[in-house]
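This is run-v1.txt. It holds compact mmCIF, C-alpha atoms.
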# COMPACT_ATOMS: atom_id res chain seq x y z
CA MET A 55 0.00 0.00 0.00
CA LEU A 56 1.37 3.38 -1.04
CA PHE A 57 -1.11 5.62 0.78
CA ARG A 58 -4.68 5.64 2.08
CA GLN A 59 -7.46 8.15 2.65
CA ARG A 60 -11.19 8.43 3.30
CA TRP A 61 -13.63 10.04 0.87
CA ARG A 62 -16.75 11.65 2.34
CA ASP A 63 -19.96 13.27 1.05
CA LEU A 64 -19.38 12.56 -2.63
CA VAL A 65 -21.54 14.10 -5.35
CA PHE A 66 -21.19 12.70 -8.89
CA LEU A 67 -22.56 14.57 -11.91
CA HIS A 68 -22.14 13.04 -15.36
CA TRP A 69 -22.85 14.06 -18.94
CA PRO A 70 -22.30 12.31 -22.29
CA ALA A 71 -19.11 13.41 -24.08
CA ASP A 72 -17.80 13.15 -27.63
CA PRO A 73 -15.57 10.02 -27.80
CA PHE A 74 -13.23 11.71 -30.32
CA GLU A 75 -12.87 14.73 -28.03
CA VAL A 76 -12.18 12.44 -25.08
CA ALA A 77 -9.63 10.36 -27.02
CA ARG A 78 -7.35 13.31 -27.72
CA LEU A 79 -7.20 14.13 -23.99
CA LEU A 80 -6.18 10.67 -22.76
CA PRO A 81 -2.58 9.62 -22.08
CA PRO A 82 -0.80 7.43 -24.66
CA GLY A 83 -1.54 3.74 -24.23
CA THR A 84 -5.18 4.31 -23.27
CA VAL A 85 -8.44 4.69 -25.18
CA PRO A 86 -11.90 5.96 -24.18
CA ASP A 87 -13.89 3.44 -22.17
CA LEU A 88 -17.40 3.50 -23.64
CA TYR A 89 -20.79 2.51 -22.28
CA GLN A 90 -23.19 1.52 -25.06
CA GLY A 91 -21.03 3.48 -27.51
CA ARG A 92 -20.92 6.66 -25.42
CA ALA A 93 -18.14 8.39 -23.52
CA TYR A 94 -18.82 10.36 -20.35
CA VAL A 95 -17.33 13.26 -18.43
CA GLY A 96 -17.76 13.48 -14.67
CA LEU A 97 -17.71 16.39 -12.24
CA VAL A 98 -17.16 15.06 -8.72
CA PHE A 99 -17.28 16.95 -5.41
CA PHE A 100 -16.15 15.48 -2.07
CA ARG A 101 -14.23 15.88 1.17
CA MET A 102 -11.02 13.93 1.75
CA ASP A 103 -10.03 12.94 5.30
CA ASP A 104 -7.34 10.92 7.07
CA LEU A 105 -4.69 11.02 4.34
CA ALA A 106 -1.82 8.76 5.43
CA PHE A 107 1.25 7.21 3.80
CA GLY A 108 1.83 3.49 4.27
CA PRO A 109 1.12 2.35 7.84
CA THR A 110 1.77 5.79 9.38
CA PRO A 111 -0.98 7.71 11.24
CA PRO A 112 -3.15 10.16 9.27
CA LEU A 113 -1.66 13.59 8.69
CA PRO A 114 -3.13 16.28 10.96
CA TYR A 115 -4.70 19.27 9.16
CA LEU A 116 -2.94 18.68 5.82
CA GLY A 117 -4.63 15.28 5.51
CA SER A 118 -8.15 16.73 5.29
CA PHE A 119 -9.40 18.97 2.48
CA GLY A 120 -12.07 19.53 -0.15
CA GLU A 121 -11.65 18.36 -3.73
CA VAL A 122 -13.50 18.82 -7.01
CA ASN A 123 -12.37 16.90 -10.08
CA VAL A 124 -13.18 16.62 -13.76
CA ARG A 125 -12.70 13.04 -14.91
CA LEU A 126 -12.84 10.88 -18.02
CA TYR A 127 -12.94 7.10 -18.36
CA SER A 128 -10.15 5.06 -19.89
CA ARG A 129 -9.05 1.54 -20.76
CA ASP A 130 -5.53 0.29 -21.43
CA ALA A 131 -4.07 -2.52 -23.56
CA VAL A 132 -4.48 -5.16 -20.84
CA GLY A 133 -8.10 -4.21 -20.23
CA ARG A 134 -7.74 -2.24 -17.01
CA ARG A 135 -10.50 0.33 -16.69
CA GLY A 136 -9.50 3.58 -15.07
CA VAL A 137 -10.12 7.25 -14.52
CA VAL A 138 -8.19 10.05 -16.19
CA PHE A 139 -8.30 13.31 -14.27
CA ARG A 140 -8.36 16.43 -16.42
CA SER A 141 -8.28 18.65 -13.32
CA LEU A 142 -8.33 18.25 -9.56
CA ASP A 143 -9.15 21.34 -7.50
CA CYS A 144 -8.00 21.22 -3.87
CA ASP A 145 -8.08 23.76 -1.02
CA ARG A 146 -4.72 22.77 0.55
CA LEU A 147 -1.59 24.04 -1.20
CA LEU A 148 0.91 21.43 0.06
CA PRO A 149 -1.10 18.41 -1.22
CA VAL A 150 -1.45 20.23 -4.56
CA LEU A 151 2.31 20.65 -4.88
CA THR A 152 3.04 17.11 -3.66
CA ALA A 153 0.61 15.41 -6.06
CA ARG A 154 1.85 17.44 -9.02
CA GLY A 155 5.51 16.80 -8.23
CA ALA A 156 5.27 13.11 -7.29
CA PHE A 157 2.61 11.84 -9.73
CA GLY A 158 2.14 14.53 -12.38
CA LEU A 159 -1.54 14.88 -11.47
CA PRO A 160 -3.20 18.15 -12.63
CA TYR A 161 -4.03 19.56 -9.19
CA ARG A 162 -5.02 23.21 -8.85
CA TRP A 163 -5.10 25.31 -5.68
CA SER A 164 -8.66 26.52 -5.17
CA ARG A 165 -11.17 27.72 -2.61
CA ILE A 166 -13.68 24.98 -1.77
CA ARG A 167 -16.59 25.27 0.63
CA SER A 168 -19.21 22.69 1.59
CA ALA A 169 -22.11 22.82 4.02
CA TRP A 170 -25.23 20.93 5.09
CA PHE A 171 -28.56 22.73 5.57
CA ASP A 172 -31.46 20.54 6.76
CA GLY A 173 -30.65 17.63 4.47
CA ARG A 174 -29.35 19.81 1.66
CA LEU A 175 -25.69 19.64 0.67
CA VAL A 176 -23.93 22.53 -1.06
CA TYR A 177 -20.46 22.65 -2.61
CA ARG A 178 -18.80 25.72 -4.09
CA THR A 179 -15.33 26.08 -5.60
CA SER A 180 -13.36 28.84 -7.30
CA ARG A 181 -9.74 28.81 -8.45
CA ARG A 182 -7.08 31.03 -6.97
CA GLY A 183 -4.61 33.09 -8.91
CA GLY A 184 -7.03 35.11 -10.98
CA GLU A 185 -8.35 32.25 -13.10
CA ARG A 186 -12.10 32.66 -13.53
CA ALA A 187 -13.17 29.03 -13.25
CA GLY A 188 -15.31 27.33 -10.64
CA ALA A 189 -18.32 25.15 -9.96
CA ARG A 190 -21.25 24.81 -7.60
CA VAL A 191 -23.80 22.11 -6.81
CA TRP A 192 -26.64 21.82 -4.33
CA LEU A 193 -28.96 18.88 -3.75
CA ASP A 194 -31.43 17.26 -1.38
CA VAL A 195 -30.16 14.04 0.20
CA GLU A 196 -32.45 11.45 1.78
CA ASP A 197 -31.64 8.56 4.14
CA GLU A 198 -33.13 6.01 1.74
CA PRO A 199 -30.50 3.84 0.04
CA VAL A 200 -30.66 3.34 -3.73
CA THR A 201 -29.16 0.69 -5.97
CA ALA A 202 -26.84 1.83 -8.73
CA GLY A 203 -27.98 1.01 -12.26
CA PRO A 204 -25.73 -0.34 -15.05
CA LEU A 205 -24.58 3.15 -16.11
CA GLU A 206 -23.80 4.19 -12.54
CA GLU A 207 -21.85 0.98 -11.98
CA PHE A 208 -19.86 1.65 -15.15
CA LEU A 209 -19.03 5.18 -13.96
CA THR A 210 -18.12 4.35 -10.34
CA GLN A 211 -16.68 0.81 -10.37
CA ARG A 212 -13.17 2.01 -11.15
CA TRP A 213 -10.09 0.50 -9.56
CA GLY A 214 -7.32 2.83 -10.61
CA LEU A 215 -6.28 5.87 -12.60
CA HIS A 216 -4.18 6.45 -15.71
CA GLU A 217 -1.75 9.36 -15.95
CA ARG A 218 1.24 10.49 -18.01
CA PHE A 219 4.35 11.55 -16.08
CA LEU A 220 8.02 11.95 -17.04
CA GLY A 221 7.35 10.56 -20.51
CA ARG A 222 5.56 7.37 -19.41
CA THR A 223 1.93 6.43 -18.84
CA TYR A 224 1.25 4.65 -15.57
CA TYR A 225 -1.69 2.98 -13.82
CA LEU A 226 -2.22 3.66 -10.09
CA PRO A 227 -4.43 0.91 -8.59
CA THR A 228 -7.02 1.52 -5.87
CA THR A 229 -9.09 -0.69 -3.58
CA HIS A 230 -12.16 0.19 -1.54
CA PRO A 231 -15.41 -1.38 -0.28
CA ALA A 232 -18.55 -1.44 -2.41
CA TRP A 233 -20.21 1.93 -2.93
CA THR A 234 -23.42 2.78 -1.08
CA PHE A 235 -25.65 5.50 -2.53
CA ARG A 236 -28.58 7.46 -1.14
CA ARG A 237 -31.55 8.90 -2.94
CA CYS A 238 -30.94 12.52 -3.90
CA SER A 239 -32.50 15.31 -5.96
CA LEU A 240 -30.42 17.86 -7.83
CA LEU A 241 -31.56 21.40 -7.00
CA GLY A 242 -29.07 23.27 -9.17
CA TRP A 243 -25.57 23.40 -10.55
CA GLU A 244 -23.10 25.76 -12.20
CA ASP A 245 -19.83 24.81 -13.86
CA ASP A 246 -16.85 26.30 -15.68
CA LEU A 247 -14.40 23.50 -14.83
CA VAL A 248 -15.35 21.04 -17.58
CA ALA A 249 -14.75 23.64 -20.30
CA ALA A 250 -11.53 24.77 -18.57
CA ALA A 251 -10.36 21.13 -18.73
CA GLY A 252 -10.49 21.17 -22.53
CA LEU A 253 -13.92 19.62 -23.09
CA SER A 254 -17.10 21.00 -24.55
CA ARG A 255 -19.31 22.71 -22.00
CA PRO A 256 -22.03 20.31 -20.71
CA ARG A 257 -25.38 20.70 -22.46
CA GLY A 258 -28.48 20.39 -20.32
CA GLU A 259 -28.95 18.58 -17.05
CA PRO A 260 -26.61 15.73 -16.05
CA VAL A 261 -27.80 12.27 -17.08
CA SER A 262 -26.61 10.78 -13.78
CA VAL A 263 -26.62 12.33 -10.29
CA LEU A 264 -25.33 10.33 -7.33
CA TYR A 265 -24.66 10.97 -3.66
CA ALA A 266 -22.45 8.61 -1.59
CA PRO A 267 -21.76 9.10 2.14
CA GLY A 268 -18.18 7.87 1.68
CA LEU A 269 -15.70 5.05 2.13
CA PRO A 270 -12.01 4.32 2.85
CA VAL A 271 -9.65 4.02 -0.13
CA ARG A 272 -6.19 2.48 -0.50
CA PHE A 273 -3.72 3.18 -3.31
CA GLY A 274 -1.07 0.74 -4.48
CA PRO A 275 2.24 1.54 -6.19
CA PRO A 276 2.08 2.79 -9.81
CA VAL A 277 2.52 0.33 -12.69
CA ALA A 278 4.12 1.60 -15.91
CA LEU A 279 2.30 0.83 -19.16
CA PRO A 280 4.34 -0.53 -22.06
CA PRO A 281 5.13 2.03 -24.77
CA PRO A 282 2.41 2.32 -27.44
CA GLY A 283 2.87 -0.21 -30.20
CA ARG A 284 4.87 -2.67 -28.09
CA ARG A 285 3.43 -6.16 -27.91
CA LEU A 286 2.58 -7.62 -24.52
CA GLY A 287 3.88 -10.97 -23.34

Take the structure in the file and give it back as structure tokens.
Amino acid sequence: MLFRQRWRDLVFLHWPADPFEVARLLPPGTVPDLYQGRAYVGLVFFRMDDLAFGPTPPLPYLGSFGEVNVRLYSRDAVGRRGVVFRSLDCDRLLPVLTARGAFGLPYRWSRIRSAWFDGRLVYRTSRRGGERAGARVWLDVEDEPVTAGPLEEFLTQRWGLHERFLGRTYYLPTTHPAWTFRRCSLLGWEDDLVAAAGLSRPRGEPVSVLYAPGLPVRFGPPVALPPPGRRLG
């Protein structure tokens, strides 16, 4: 195990995306992972807690922060399905610098706020440094559990990420318990982050809206992908 963390109060919004547009944004050695011929882009809001490296105790203060990411879905030559992050907004500067320097992940230092109001959850983010990009979501969350459908399983049953760093594409594996979701109703949303990540601005309401209370996650060491065109085995 490389490091571990806990994700809390996750909100997933998803829209269909152009597969050709997605393909040009993925790292070499990966292709768009499609569901019934369609690609998807996700906008995900959550809180991260208890960040820890190996068996060490969780980091105080620096190990807890808000995050908002724009993600695409990928598949590599050996069939591993993953996530490709086009941007990851975070409200702690040191984790931003560490993730960029150690893994090449596109973290951005941002202001992120979240709050509960009588069963309603609100997230708001805006980037620092003068860049006019941000997002907001607010929704009603009920205690009733819901079962994920085939599309939701495709979007959330991901066990690693693909990224390009120092001239090589790698796969970073993850493990976590099964997701649990609760019934929710989207009250509103605003977004500039998807367009800022190089994709077309979402059209209309998201086709999938999910709320998950959270779960613990473990990350294994990265695995380098073979160079494109090289045969496996």

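Separating atom CA of Asp246 of chain A from atom CA of Asp63 of chain A is a distance of 21.4 Å.
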
Q. Hey, what's within 8 Å of segment 202-210 of chain A if we count only C-alpha atoms and toss same-chain stuff fewer than 3 positions away? As a count of residues only, please?
A. 4

Q. Taking into account all atoms listed in the file, which residue in the set A:Ala251, A:Val76, A:Leu151, A:Ala106 is nearest to Arg92 of chain A?
A. A:Val76

Q.
When you count only C-alpha atoms, which of these residues is closest to Pro82 of chain A: A:Asp145, A:Glu121, A:Glu185, A:Glu217?
A. A:Glu217

**Q.** Nearest to Met55 of chain A by atom-to-atom distance, counting only C-alpha atoms, from A:Ser239, A:Gln90, A:Thr201, A:Thr229
**A.**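 Selected residue with least distance to Met55 of chain A: A:Thr229.
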
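In this structure, atom CA of Pro199 of chain A sits 25.5 Å away from atom CA of Gly214 of chain A.
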
Q: Please provide the set of residues having any atom within 7 Å of Phe157 of chain A, restricted to all atoms listed in the file, with same-chain residues fewer than 3 positions apart removed, written as a PyMOL selection string.
A: chain A and resi 153-154+219

7 Å contact set for Leu126 of chain A, all atoms listed in the file, chain neighbours under 5 positions out, as a PDB file with C-alpha atoms, keeping the file's coordinate frame:
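Output (result10.pdb):
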ATOM      1  CA  TYR A  94     -18.820  10.360 -20.350  1.00  0.00           C
ATOM      2  CA  VAL A  95     -17.330  13.260 -18.430  1.00  0.00           C
ATOM      3  CA  GLY A  96     -17.760  13.480 -14.670  1.00  0.00           C
ATOM      4  CA  VAL A 137     -10.120   7.250 -14.520  1.00  0.00           C
ATOM      5  CA  VAL A 138      -8.190  10.050 -16.190  1.00  0.00           C
ATOM      6  CA  PHE A 139      -8.300  13.310 -14.270  1.00  0.00           C
TER       7      PHE A 139
END

Q) Which residue, A:Val122, A:Met102, A:Ala131, A:Leu88, has the smallest gap to Thr223 of chain A when you use all atoms listed in the file? A) A:Ala131

Q: Pick out the closest residue to Gly173 of chain A from this set: A:Cys144, A:Val277, A:Val85, A:Val195. Count all atoms listed in the file.
A: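 Of the candidates, the smallest distance to Gly173 of chain A is held by A:Val195.
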
Q. Around (-20.1, 12.1, -13.1) in the file's own coordinates, what residues are found within 6 Å if you use all atoms listed in the file, given back as a PyMOL selection string?
A. chain A and resi 66-68+96-97

Q: Counting only C-alpha atoms, figure out which residue out of A:Ser180, A:Ser118, A:Ser168, A:Ser128 gets nearest to Asp143 of chain A.
A: A:Ser180

Q) Expressed in Å to a single decimal, how great is the separation between atom CA of Trp163 of chain A and atom CA of Phe74 of chain A? A)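 So the answer is 29.3 Å.
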